[in-house]
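Here is the file protein_21.tsv (TSV, C-alpha atoms).
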chain	number	residue	atom	x	y	z
A	233	MET	CA	0.00	0.00	0.00
A	234	LEU	CA	3.00	2.33	0.42
A	235	ILE	CA	4.61	1.52	-2.90
A	236	PHE	CA	3.68	4.90	-4.36
A	237	VAL	CA	5.90	6.78	-1.94
A	238	LEU	CA	8.88	4.52	-1.89
A	239	PRO	CA	10.92	6.65	-4.34
A	240	VAL	CA	10.54	9.60	-1.99
A	241	VAL	CA	10.01	8.42	1.54
A	242	TRP	CA	10.20	5.16	3.47
A	243	LEU	CA	9.00	5.71	7.01
A	244	MET	CA	10.87	3.91	9.77
A	245	PHE	CA	10.63	4.38	13.53
A	246	CYS	CA	13.36	5.45	15.86
A	247	ASP	CA	13.21	6.93	19.36
A	248	CYS	CA	12.16	10.41	18.31
A	249	CYS	CA	11.70	10.54	14.57
A	250	ALA	CA	11.04	8.55	11.41
A	251	LEU	CA	13.47	8.81	8.50
A	252	ALA	CA	13.18	8.01	4.82
A	253	GLN	CA	15.50	5.19	3.89
A	254	PHE	CA	15.33	2.34	1.39
A	255	ASP	CA	18.31	0.61	-0.13
A	256	GLN	CA	16.96	-2.77	-1.36
A	257	PRO	CA	17.49	-3.25	-5.14
A	258	LEU	CA	14.33	-3.74	-7.19
A	259	GLY	CA	13.44	-7.38	-7.80
A	260	SER	CA	15.60	-8.97	-5.08
A	261	PHE	CA	12.99	-9.43	-2.34
A	262	GLU	CA	12.53	-12.73	-0.53
A	263	LEU	CA	10.17	-13.91	2.16
A	264	SER	CA	11.92	-14.15	5.49
A	265	GLU	CA	12.02	-17.50	7.23
A	266	ASP	CA	11.22	-15.61	10.43
A	267	VAL	CA	7.77	-14.43	9.32
A	268	ALA	CA	5.29	-15.36	12.05
A	269	VAL	CA	1.90	-16.74	10.98
A	270	ASP	CA	-1.03	-16.71	13.38
A	271	ARG	CA	-1.60	-20.45	13.09
A	272	ALA	CA	-4.37	-22.40	14.74
A	273	ASP	CA	-3.17	-24.03	17.94
A	274	ASN	CA	-2.48	-27.73	18.42
A	275	SER	CA	-5.84	-28.48	20.02
A	276	VAL	CA	-7.67	-27.20	16.93
A	277	ILE	CA	-5.37	-29.20	14.64
A	278	ALA	CA	-6.07	-32.28	16.71
A	279	GLN	CA	-9.83	-31.76	16.40
A	280	LEU	CA	-9.55	-31.40	12.64
A	281	GLN	CA	-7.48	-34.57	12.39
A	282	ARG	CA	-10.07	-36.35	14.53
A	283	ALA	CA	-12.85	-35.21	12.19
A	284	LYS	CA	-10.93	-36.51	9.17
A	285	ALA	CA	-10.41	-39.82	10.93
A	286	TYR	CA	-14.16	-40.04	11.54
A	287	LEU	CA	-14.72	-39.50	7.80
A	288	ALA	CA	-12.24	-42.23	6.95
A	289	ASP	CA	-14.12	-44.59	9.29
A	290	ARG	CA	-17.47	-43.54	7.79
A	291	GLN	CA	-18.62	-42.12	11.13
A	292	TRP	CA	-20.56	-39.32	9.48
A	293	ASP	CA	-22.34	-37.99	12.58
A	294	GLU	CA	-19.12	-37.59	14.55
A	295	ALA	CA	-17.26	-36.05	11.62
A	296	VAL	CA	-19.92	-33.42	10.91
A	297	GLU	CA	-20.36	-32.60	14.59
A	298	THR	CA	-16.61	-32.15	15.07
A	299	PHE	CA	-16.18	-29.91	12.01
A	300	ARG	CA	-19.10	-27.72	13.10
A	301	LEU	CA	-17.78	-27.53	16.65
A	302	VAL	CA	-14.37	-26.37	15.46
A	303	MET	CA	-15.92	-23.65	13.29
A	304	GLU	CA	-18.26	-22.40	16.00
A	305	THR	CA	-15.90	-22.40	18.99
A	306	SER	CA	-12.39	-21.72	17.68
A	307	GLU	CA	-10.73	-18.44	16.81
A	308	ASP	CA	-10.48	-17.86	13.07
A	309	ARG	CA	-6.73	-18.30	12.84
A	310	LEU	CA	-4.79	-19.65	9.88
A	311	ILE	CA	-4.38	-23.19	8.55
A	312	GLY	CA	-1.81	-24.21	5.94
A	313	VAL	CA	-3.31	-25.77	2.83
A	314	THR	CA	-0.05	-25.81	0.86
A	315	LYS	CA	3.54	-25.06	1.78
A	316	ARG	CA	3.12	-21.38	0.94
A	317	ARG	CA	-0.59	-20.73	1.29
A	318	TYR	CA	-2.76	-20.31	4.40
A	319	VAL	CA	-6.48	-19.77	4.73
A	320	GLY	CA	-8.67	-18.81	7.65
A	321	LEU	CA	-9.93	-21.60	9.88
A	322	ARG	CA	-13.55	-21.04	8.84
A	323	ASP	CA	-12.68	-21.29	5.14
A	324	TYR	CA	-10.63	-24.40	5.84
A	325	VAL	CA	-13.54	-26.10	7.58
A	326	HIS	CA	-15.89	-25.13	4.74
A	327	LEU	CA	-13.35	-26.64	2.33
A	328	GLN	CA	-13.42	-29.92	4.26
A	329	LEU	CA	-17.21	-29.96	4.50
A	330	ALA	CA	-17.58	-29.29	0.77
A	331	SER	CA	-15.38	-32.30	-0.05
A	332	MET	CA	-17.19	-34.82	2.17
A	333	PRO	CA	-18.75	-37.98	0.70
A	334	ASP	CA	-22.40	-37.85	-0.31
A	335	GLU	CA	-23.59	-39.67	2.82
A	336	ALA	CA	-21.91	-37.18	5.13
A	337	MET	CA	-23.03	-34.23	2.98
A	338	LYS	CA	-26.66	-35.36	3.21
A	339	LEU	CA	-26.46	-35.50	6.99
A	340	TYR	CA	-24.76	-32.08	7.18
A	341	ARG	CA	-27.39	-30.44	5.03
A	342	GLU	CA	-30.21	-31.89	7.08
A	343	GLN	CA	-28.72	-30.03	10.03
A	344	VAL	CA	-27.96	-26.65	8.46
A	345	ASP	CA	-30.51	-26.23	5.66
A	346	PRO	CA	-33.52	-25.16	7.79
A	347	VAL	CA	-31.80	-22.06	9.19
A	348	ALA	CA	-29.90	-21.41	5.93
A	349	LYS	CA	-33.19	-21.43	4.02
A	350	LYS	CA	-34.62	-18.84	6.41
A	351	TRP	CA	-31.59	-16.56	6.00
A	352	TYR	CA	-31.64	-16.95	2.23
A	353	GLU	CA	-35.36	-16.25	1.77
A	354	GLN	CA	-35.27	-13.23	4.06
A	355	GLY	CA	-32.09	-11.98	2.37
A	356	ILE	CA	-33.68	-12.22	-1.07
A	357	ALA	CA	-36.91	-10.55	0.06
A	358	GLN	CA	-35.02	-7.69	1.73
A	359	ARG	CA	-32.01	-7.66	-0.61
A	360	ASP	CA	-29.93	-7.88	2.53
A	361	PRO	CA	-26.29	-8.90	1.96
A	362	VAL	CA	-25.82	-9.52	5.68
A	363	LEU	CA	-28.44	-12.27	5.77
A	364	LEU	CA	-27.11	-13.77	2.56
A	365	GLY	CA	-23.61	-13.56	3.99
A	366	ASN	CA	-24.79	-15.56	7.01
A	367	VAL	CA	-25.48	-18.44	4.65
A	368	LEU	CA	-21.89	-18.37	3.43
A	369	ARG	CA	-20.31	-17.97	6.86
A	370	GLN	CA	-22.39	-20.58	8.66
A	371	ALA	CA	-23.61	-23.01	5.99
A	372	PHE	CA	-21.55	-22.52	2.84
A	373	ALA	CA	-21.73	-26.19	1.77
A	374	GLY	CA	-25.45	-26.43	2.55
A	375	SER	CA	-28.09	-26.53	-0.15
A	376	TYR	CA	-28.44	-22.73	-0.26
A	377	GLY	CA	-24.77	-21.77	-0.52
A	378	ASP	CA	-24.74	-21.49	-4.31
A	379	ASP	CA	-28.01	-19.53	-4.35
A	380	ALA	CA	-26.59	-17.07	-1.82
A	381	LEU	CA	-23.41	-16.69	-3.91
A	382	MET	CA	-25.45	-15.96	-7.03
A	383	ALA	CA	-27.57	-13.35	-5.27
A	384	LEU	CA	-24.60	-11.65	-3.59
A	385	GLY	CA	-22.83	-11.47	-6.95
A	386	GLU	CA	-25.84	-9.72	-8.49
A	387	ILE	CA	-25.95	-7.21	-5.62
A	388	ALA	CA	-22.23	-6.54	-5.96
A	389	LEU	CA	-22.56	-6.05	-9.73
A	390	GLU	CA	-25.33	-3.50	-9.24
A	391	CYS	CA	-23.02	-1.61	-6.86
A	392	GLY	CA	-20.18	-1.64	-9.39
A	393	ASP	CA	-18.10	-3.92	-7.14
A	394	TYR	CA	-16.82	-6.22	-9.89
A	395	THR	CA	-14.19	-7.85	-7.67
A	396	SER	CA	-16.78	-9.08	-5.17
A	397	ALA	CA	-19.14	-10.20	-7.95
A	398	ARG	CA	-16.38	-12.30	-9.51
A	399	TRP	CA	-15.44	-13.72	-6.09
A	400	CYS	CA	-19.01	-14.96	-5.58
A	401	TRP	CA	-19.58	-16.40	-9.04
A	402	GLU	CA	-16.23	-18.14	-9.37
A	403	ARG	CA	-17.02	-20.13	-6.22
A	404	ILE	CA	-20.11	-21.60	-7.88
A	405	VAL	CA	-18.21	-22.96	-10.89
A	406	PRO	CA	-16.72	-26.45	-10.32
A	407	ASP	CA	-12.93	-26.66	-10.31
A	408	ARG	CA	-11.89	-29.02	-13.11
A	409	SER	CA	-8.19	-28.26	-13.06
A	410	PRO	CA	-5.75	-31.19	-12.83
A	411	ASP	CA	-4.88	-30.27	-9.25
A	412	HIS	CA	-8.45	-29.62	-8.12
A	413	ARG	CA	-7.95	-32.04	-5.24
A	414	THR	CA	-5.53	-29.53	-3.70
A	415	GLN	CA	-7.92	-26.62	-4.06
A	416	THR	CA	-7.10	-23.93	-1.52
A	417	TRP	CA	-10.41	-22.03	-1.31
A	418	PRO	CA	-13.93	-23.31	-0.67
A	419	GLY	CA	-15.96	-23.84	-3.83
A	420	PHE	CA	-19.56	-25.01	-3.88
A	421	PRO	CA	-19.51	-28.80	-4.38
A	422	ASP	CA	-22.60	-29.61	-6.47
A	423	THR	CA	-24.53	-26.62	-7.75
A	424	ASP	CA	-27.76	-27.09	-9.67
A	425	LEU	CA	-27.64	-23.55	-11.07
A	426	ASP	CA	-27.26	-22.90	-14.79
A	427	LEU	CA	-23.47	-22.79	-15.20
A	428	ALA	CA	-23.81	-21.02	-18.53
A	429	ALA	CA	-25.53	-18.14	-16.72
A	430	VAL	CA	-22.81	-18.08	-14.07
A	431	ARG	CA	-19.92	-18.15	-16.52
A	432	ALA	CA	-21.58	-15.51	-18.71
A	433	ARG	CA	-21.65	-13.17	-15.71
A	434	ILE	CA	-17.97	-13.81	-15.04
A	435	VAL	CA	-17.18	-12.76	-18.61
A	436	LEU	CA	-19.41	-9.71	-18.14
A	437	VAL	CA	-17.52	-8.42	-15.11
A	438	SER	CA	-14.23	-8.80	-17.00
A	439	ILE	CA	-15.66	-6.61	-19.76
A	440	LEU	CA	-17.02	-4.01	-17.36
A	441	GLU	CA	-13.77	-3.73	-15.41
A	442	GLY	CA	-11.84	-3.20	-18.64
A	443	SER	CA	-9.98	-6.53	-18.66
A	444	THR	CA	-10.50	-7.14	-22.37
A	445	ASP	CA	-7.86	-9.84	-22.85
A	446	ARG	CA	-9.21	-11.77	-19.90
A	447	ALA	CA	-12.76	-11.40	-21.18
A	448	CYS	CA	-11.74	-12.77	-24.60
A	449	ASP	CA	-10.08	-15.82	-23.00
A	450	GLU	CA	-13.11	-16.44	-20.80
A	451	LEU	CA	-15.48	-16.07	-23.73
A	452	ALA	CA	-13.49	-18.59	-25.79
A	453	GLN	CA	-13.78	-21.07	-22.93
A	454	PHE	CA	-17.49	-20.25	-22.60
A	455	VAL	CA	-18.09	-21.07	-26.27
A	456	ARG	CA	-16.36	-24.43	-25.86
A	457	LEU	CA	-18.56	-25.31	-22.90
A	458	HIS	CA	-21.88	-23.59	-23.64
A	459	ASP	CA	-22.08	-22.76	-27.35
A	460	GLY	CA	-25.65	-21.72	-28.19
A	461	ALA	CA	-26.71	-21.24	-24.56
A	462	ARG	CA	-29.34	-18.59	-23.99
A	463	GLY	CA	-30.59	-16.71	-20.94
A	464	ARG	CA	-31.30	-13.31	-19.45
A	465	LEU	CA	-28.45	-10.83	-19.37
A	466	GLY	CA	-28.82	-7.09	-19.00
A	467	GLY	CA	-32.59	-7.42	-18.63
A	468	ARG	CA	-33.24	-9.25	-21.89
A	469	GLU	CA	-33.16	-12.75	-23.37
A	470	VAL	CA	-29.96	-13.24	-25.39
A	471	ASP	CA	-27.59	-15.75	-26.85
A	472	TYR	CA	-24.86	-15.40	-24.26
A	473	ALA	CA	-21.89	-15.78	-26.59
A	474	GLU	CA	-23.25	-13.35	-29.17
A	475	ALA	CA	-24.19	-10.73	-26.59
A	476	LEU	CA	-20.86	-10.93	-24.79
A	477	GLY	CA	-18.93	-10.87	-28.06
A	478	ALA	CA	-20.81	-7.71	-29.08
A	479	LEU	CA	-19.97	-6.08	-25.74
A	480	ILE	CA	-16.29	-6.87	-26.17
A	481	ALA	CA	-16.37	-5.29	-29.62
A	482	GLU	CA	-18.14	-2.21	-28.28
A	483	ASN	CA	-15.71	-2.02	-25.38
A	484	ALA	CA	-12.94	-0.96	-27.75
A	485	ALA	CA	-14.86	2.26	-28.42
A	486	TRP	CA	-15.76	2.99	-24.80
A	487	PRO	CA	-13.86	5.93	-23.29
A	488	LYS	CA	-11.06	4.64	-21.13
A	489	PRO	CA	-10.82	6.04	-17.59
A	490	ASP	CA	-7.90	8.36	-17.12
A	491	PRO	CA	-5.51	6.46	-14.83
A	492	ASN	CA	-5.21	8.63	-11.75
A	493	PRO	CA	-1.71	8.43	-10.27
A	494	ASP	CA	-2.88	9.97	-7.00
A	495	TRP	CA	-3.00	7.89	-3.83
A	496	SER	CA	-5.84	9.65	-2.07
A	497	THR	CA	-6.56	7.33	0.85
A	498	PHE	CA	-5.19	4.37	2.77
A	499	ALA	CA	-4.40	1.55	0.26
A	500	GLY	CA	-5.24	3.85	-2.65
A	501	ASN	CA	-9.03	3.66	-2.87
A	502	PRO	CA	-12.07	2.99	-0.66
A	503	LEU	CA	-11.99	-0.72	-1.58
A	504	ARG	CA	-8.36	-0.91	-0.38
A	505	ASN	CA	-7.22	-2.65	-3.55
A	506	LYS	CA	-5.76	-0.01	-5.90
A	507	THR	CA	-3.04	-1.15	-8.29
A	508	MET	CA	-0.48	1.30	-9.64
A	509	GLN	CA	-0.47	1.76	-13.41
A	510	ARG	CA	3.30	1.46	-13.62
A	511	LEU	CA	6.12	-0.22	-11.75
A	512	ILE	CA	7.99	1.87	-9.22
A	513	ASP	CA	11.77	1.79	-9.03
A	514	VAL	CA	12.58	1.73	-5.32
A	515	GLY	CA	16.32	1.44	-5.69
A	516	LYS	CA	17.34	4.71	-4.04
A	517	VAL	CA	16.17	7.39	-1.62
A	518	ALA	CA	15.17	10.68	-3.25
A	519	TRP	CA	14.79	12.65	-0.01
A	520	ARG	CA	13.92	12.21	3.64
A	521	ILE	CA	12.07	14.12	6.35
A	522	PRO	CA	11.73	13.50	10.11
A	523	ILE	CA	8.29	12.56	11.45
A	524	ARG	CA	7.66	12.77	15.19
A	525	THR	CA	6.46	9.56	16.80
A	526	ASN	CA	4.96	11.30	19.88
A	527	PHE	CA	6.03	8.39	22.08
A	528	GLN	CA	8.52	8.17	24.87
A	529	LYS	CA	10.84	5.21	24.79
A	530	GLY	CA	9.28	2.18	26.45
A	531	THR	CA	5.77	3.64	26.60
A	532	VAL	CA	4.32	2.36	23.33
A	533	PRO	CA	0.69	1.18	23.50
A	534	PHE	CA	0.53	-2.58	23.15
A	535	SER	CA	-1.73	-5.07	21.42
A	536	LEU	CA	-3.26	-8.08	23.12
A	537	ARG	CA	-1.01	-10.48	21.17
A	538	GLU	CA	2.31	-8.76	21.73
A	539	ASN	CA	4.86	-10.17	24.13
A	540	ARG	CA	4.25	-8.11	27.25
A	541	ASP	CA	7.50	-9.36	28.78
A	542	SER	CA	9.43	-7.28	26.25
A	543	PRO	CA	10.87	-4.31	28.20
A	544	GLN	CA	10.79	-1.92	25.25
A	545	PRO	CA	8.17	-2.87	22.65
A	546	GLU	CA	8.70	-1.35	19.22
A	547	PRO	CA	5.89	0.72	17.73
A	548	ALA	CA	4.28	-0.38	14.48
A	549	LEU	CA	4.47	1.63	11.26
A	550	SER	CA	1.58	4.04	11.80
A	551	TYR	CA	2.01	6.57	8.98
A	552	HIS	CA	0.21	6.20	5.66
A	553	PRO	CA	1.12	9.07	3.28
A	554	LEU	CA	-1.06	10.38	0.47
A	555	LEU	CA	0.13	11.33	-3.00
A	556	LEU	CA	-1.85	14.19	-4.58
A	557	GLY	CA	-0.43	15.53	-7.81
A	558	ASP	CA	3.00	16.97	-7.00
A	559	MET	CA	2.53	16.86	-3.25
A	560	VAL	CA	2.97	14.26	-0.48
A	561	LEU	CA	0.87	14.57	2.68
A	562	VAL	CA	1.46	12.66	5.89
A	563	ASN	CA	0.13	13.21	9.41
A	564	ASN	CA	0.99	12.24	12.93
A	565	ARG	CA	-0.96	12.76	16.12
A	566	LEU	CA	-0.83	16.54	16.21
A	567	GLY	CA	0.11	17.76	12.75
A	568	ILE	CA	-0.14	17.36	8.98
A	569	LEU	CA	2.96	17.70	6.85
A	570	GLY	CA	2.91	18.69	3.18
A	571	VAL	CA	6.01	18.43	1.01
A	572	ASP	CA	6.89	18.69	-2.66
A	573	LEU	CA	7.01	15.28	-4.34
A	574	SER	CA	10.17	15.93	-6.34
A	575	THR	CA	12.27	17.73	-3.71
A	576	GLY	CA	10.86	16.92	-0.27
A	577	ARG	CA	10.78	20.63	0.54
A	578	PRO	CA	7.78	22.32	2.23
A	579	ALA	CA	4.84	22.52	-0.13
A	580	TRP	CA	3.89	26.03	1.02
A	581	GLY	CA	6.53	28.68	1.73
A	582	GLN	CA	9.57	28.29	3.93
A	583	GLY	CA	7.89	27.92	7.32
A	584	GLY	CA	8.51	24.19	7.49
A	585	PRO	CA	6.56	21.21	6.18
A	586	ALA	CA	3.71	21.48	8.73
A	587	VAL	CA	0.52	22.72	7.06
A	588	TYR	CA	-1.60	22.15	10.18
A	589	ARG	CA	-0.84	21.77	13.86
A	590	ASP	CA	-3.34	20.84	16.54
A	591	ARG	CA	-3.76	23.34	19.36
A	592	LEU	CA	-2.55	20.65	21.79
A	593	ASP	CA	0.85	20.42	20.08
A	594	GLY	CA	3.49	20.50	22.78
A	595	VAL	CA	1.14	19.51	25.57
A	596	ALA	CA	2.24	16.44	27.49
A	597	ALA	CA	0.46	13.22	26.57
A	598	THR	CA	-2.32	12.13	28.87
A	599	ALA	CA	-1.87	9.12	31.11
A	600	HIS	CA	-4.04	7.04	28.82
A	601	ASP	CA	-1.84	7.88	25.83
A	602	SER	CA	1.52	7.28	27.50
A	603	GLU	CA	0.86	4.47	29.98
A	604	PRO	CA	0.87	1.06	28.25
A	605	SER	CA	-1.23	-0.53	31.00
A	606	ALA	CA	-4.16	1.74	30.05
A	607	THR	CA	-4.18	1.39	26.27
A	608	LEU	CA	-4.69	-1.28	23.64
A	609	GLY	CA	-3.40	-1.31	20.09
A	610	THR	CA	-1.02	1.03	18.32
A	611	PRO	CA	-1.85	4.39	16.74
A	612	GLN	CA	-2.83	4.48	13.09
A	613	PHE	CA	-2.66	7.92	11.48
A	614	THR	CA	-4.62	7.85	8.23
A	615	MET	CA	-6.01	10.47	5.87
A	616	THR	CA	-8.38	10.63	2.91
A	617	ALA	CA	-8.60	13.36	0.26
A	618	CYS	CA	-11.96	13.72	-1.49
A	619	ASP	CA	-13.64	16.54	-3.42
A	620	GLY	CA	-11.05	19.10	-2.40
A	621	ARG	CA	-11.17	18.23	1.30
A	622	LEU	CA	-8.71	16.41	3.50
A	623	TYR	CA	-9.97	14.12	6.26
A	624	ALA	CA	-7.36	13.15	8.85
A	625	ARG	CA	-7.29	10.66	11.72
A	626	MET	CA	-5.41	12.43	14.51
A	627	GLY	CA	-5.58	13.07	18.23
A	628	SER	CA	-5.55	10.54	21.04
A	629	THR	CA	-3.94	7.18	20.34
A	630	LEU	CA	-6.32	5.48	22.79
A	631	THR	CA	-8.18	2.64	21.06
A	632	GLY	CA	-9.46	0.72	24.05
A	633	ARG	CA	-8.83	-0.36	27.61
A	634	PRO	CA	-8.13	-3.74	29.15
A	635	HIS	CA	-11.10	-5.36	30.83
A	636	ARG	CA	-9.38	-5.14	34.19
A	637	ALA	CA	-9.27	-1.35	33.88
A	638	GLU	CA	-12.97	-1.20	33.06
A	639	ARG	CA	-13.88	-3.35	36.06
A	640	SER	CA	-11.80	-1.27	38.45
A	641	SER	CA	-13.22	2.08	37.36
A	642	GLY	CA	-16.02	3.67	39.32
A	643	PRO	CA	-19.58	4.28	38.05

What would the structure in this file look like if it were written as structure tokens?
Amino acid sequence: MLIFVLPVVWLMFCDCCALAQFDQPLGSFELSEDVAVDRADNSVIAQLQRAKAYLADRQWDEAVETFRLVMETSEDRLIGVTKRRYVGLRDYVHLQLASMPDEAMKLYREQVDPVAKKWYEQGIAQRDPVLLGNVLRQAFAGSYGDDALMALGEIALECGDYTSARWCWERIVPDRSPDHRTQTWPGFPDTDLDLAAVRARIVLVSILEGSTDRACDELAQFVRLHDGARGRLGGREVDYAEALGALIAENAAWPKPDPNPDWSTFAGNPLRNKTMQRLIDVGKVAWRIPIRTNFQKGTVPFSLRENRDSPQPEPALSYHPLLLGDMVLVNNRLGILGVDLSTGRPAWGQGGPAVYRDRLDGVAATAHDSEPSATLGTPQFTMTACDGRLYARMGSTLTGRPHRAERSSGP
């Protein structure tokens, strides 16, 4: 998410300031062997192995009960599905449920379908993505999982969220790849929906998002599988292949959106998934500026999962700069800095890079902000620029209190 500023500033913490520095040559990055993954604990792994053993012994009741118990009572930590890929525990359990034998699947659906049907019917009647999402979270492999995916894809398409629409529809289509037995995400096991209608919608989102080459490849595959298939698309009855082919041809004449190089919010856009239009060479530092951390050494707010025995916990990277035209903006707790993109000099005049300072600048931090026993989490200073206005997250770093502090406080 910070790749847009790497040529100009790489923010790193020290005791009193953050400096721009980046010396790694482009293209030589490797994953560290020391990366920590929030894996499920041994007790959860043991339960999952027990459930698989029940399946192997054709003890369907015990297997289904154990899988459901794991999903309902365990934290959604990570499980390795390949050497380099992890998925959330809930997705992993759904993946196991979706691959069960028919006898076990029948038993599972008898248990979950009544409530899933209620969620689905209410979600359709109210066009409520939360109710439809309940079907996926709690009963993905039940009889209504594919119907919920289809409906959620339609809602996402109407909202212009092509990524979410594709995510839903691709999980309906069976995986027929040679390595489908090592599939790493839950797909619906046995849909009775019209796959031509599903695949036609996948081609449609590729066209709408401007991925013409991808749309052409998908359409060629569609013709091989569903040549001559007809259905409703865009509110009318069509031959899918002909209609999609015509849209691809028209797409060449559609005005292309002007790629905006600005980075106007955290992760680039409100969906947090912006991709830069060009590669960034991060081989050298162009300039650097100090950024105050507003913390005293050893008094950094902590998270619940940090090692509290560490005498001097290190603060996390809390600064998320914006790129707006020829200017870089970044804020800390009490101020907003604005500098020229090409030089790193103050964007306005010679009075320093600060374009705004809070009236509390210079005032000592409150006990809640400086005492680690009274705070949870680490500060996250974010901004968003929209319609000529700048919205900044500043002020107190307090994000919560431990339960013990809440219990000890008076009424």

Margin query: Excluding A:Arg589 and its own-chain neighbours fewer than 3 positions away, which residues fall within 7 Å of it when counting all atoms listed in the file? Please give them as a list in words.
Written below: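 Counting only the stated atoms, we get Leu566, Gly567, Ile568, Ala586 and Asp593 of chain A.
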
Write out as CSV the residues of stretch 349-461 of chain A that have any atom within 12 Å of an atom of stretch 293-305 of chain A, one row each with the nearest atom pair and its distance in Å to one decimal, counting all atoms listed in the file, sorted by chain and then rising number.
residue,atom,partner,partner_atom,distance
A:Arg369,CA,A:Met303,CA,9.6
A:Gln370,CA,A:Met303,CA,8.5
A:Ala371,CA,A:Arg300,CA,9.6
A:Phe372,CA,A:Arg300,CA,11.8
A:Ala373,CA,A:Arg300,CA,11.7

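Atom pair atom CA of A:Thr423 / atom CA of A:Leu368: separated by 14.1 Å.
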
Residue neighbourhood stretch 464-479 of chain A, 7 Å, all atoms listed in the file, exclusion window fewer than 2 positions, as an mmCIF file with C-alpha atoms, in the frame of the given file:
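Produced file around-v9.cif, reproduced below:
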data_model
loop_
_atom_site.group_PDB
_atom_site.id
_atom_site.type_symbol
_atom_site.label_atom_id
_atom_site.label_comp_id
_atom_site.auth_asym_id
_atom_site.auth_seq_id
_atom_site.Cartn_x
_atom_site.Cartn_y
_atom_site.Cartn_z
ATOM 1 C CA ALA A 432 -21.580 -15.510 -18.710
ATOM 2 C CA LEU A 436 -19.410 -9.710 -18.140
ATOM 3 C CA VAL A 455 -18.090 -21.070 -26.270
ATOM 4 C CA GLY A 460 -25.650 -21.720 -28.190
ATOM 5 C CA ALA A 461 -26.710 -21.240 -24.560
ATOM 6 C CA ARG A 462 -29.340 -18.590 -23.990
ATOM 7 C CA ALA A 481 -16.370 -5.290 -29.620
ATOM 8 C CA GLU A 482 -18.140 -2.210 -28.280
ATOM 9 C CA ASN A 483 -15.710 -2.020 -25.380
#

Next item on the list: May I have the residues within 8 Å of stretch 290-292 of chain A as a PyMOL selection string, using only C-alpha atoms and disregarding those fewer than 6 positions away in the same chain?
Entry: chain A and resi 335-336+339
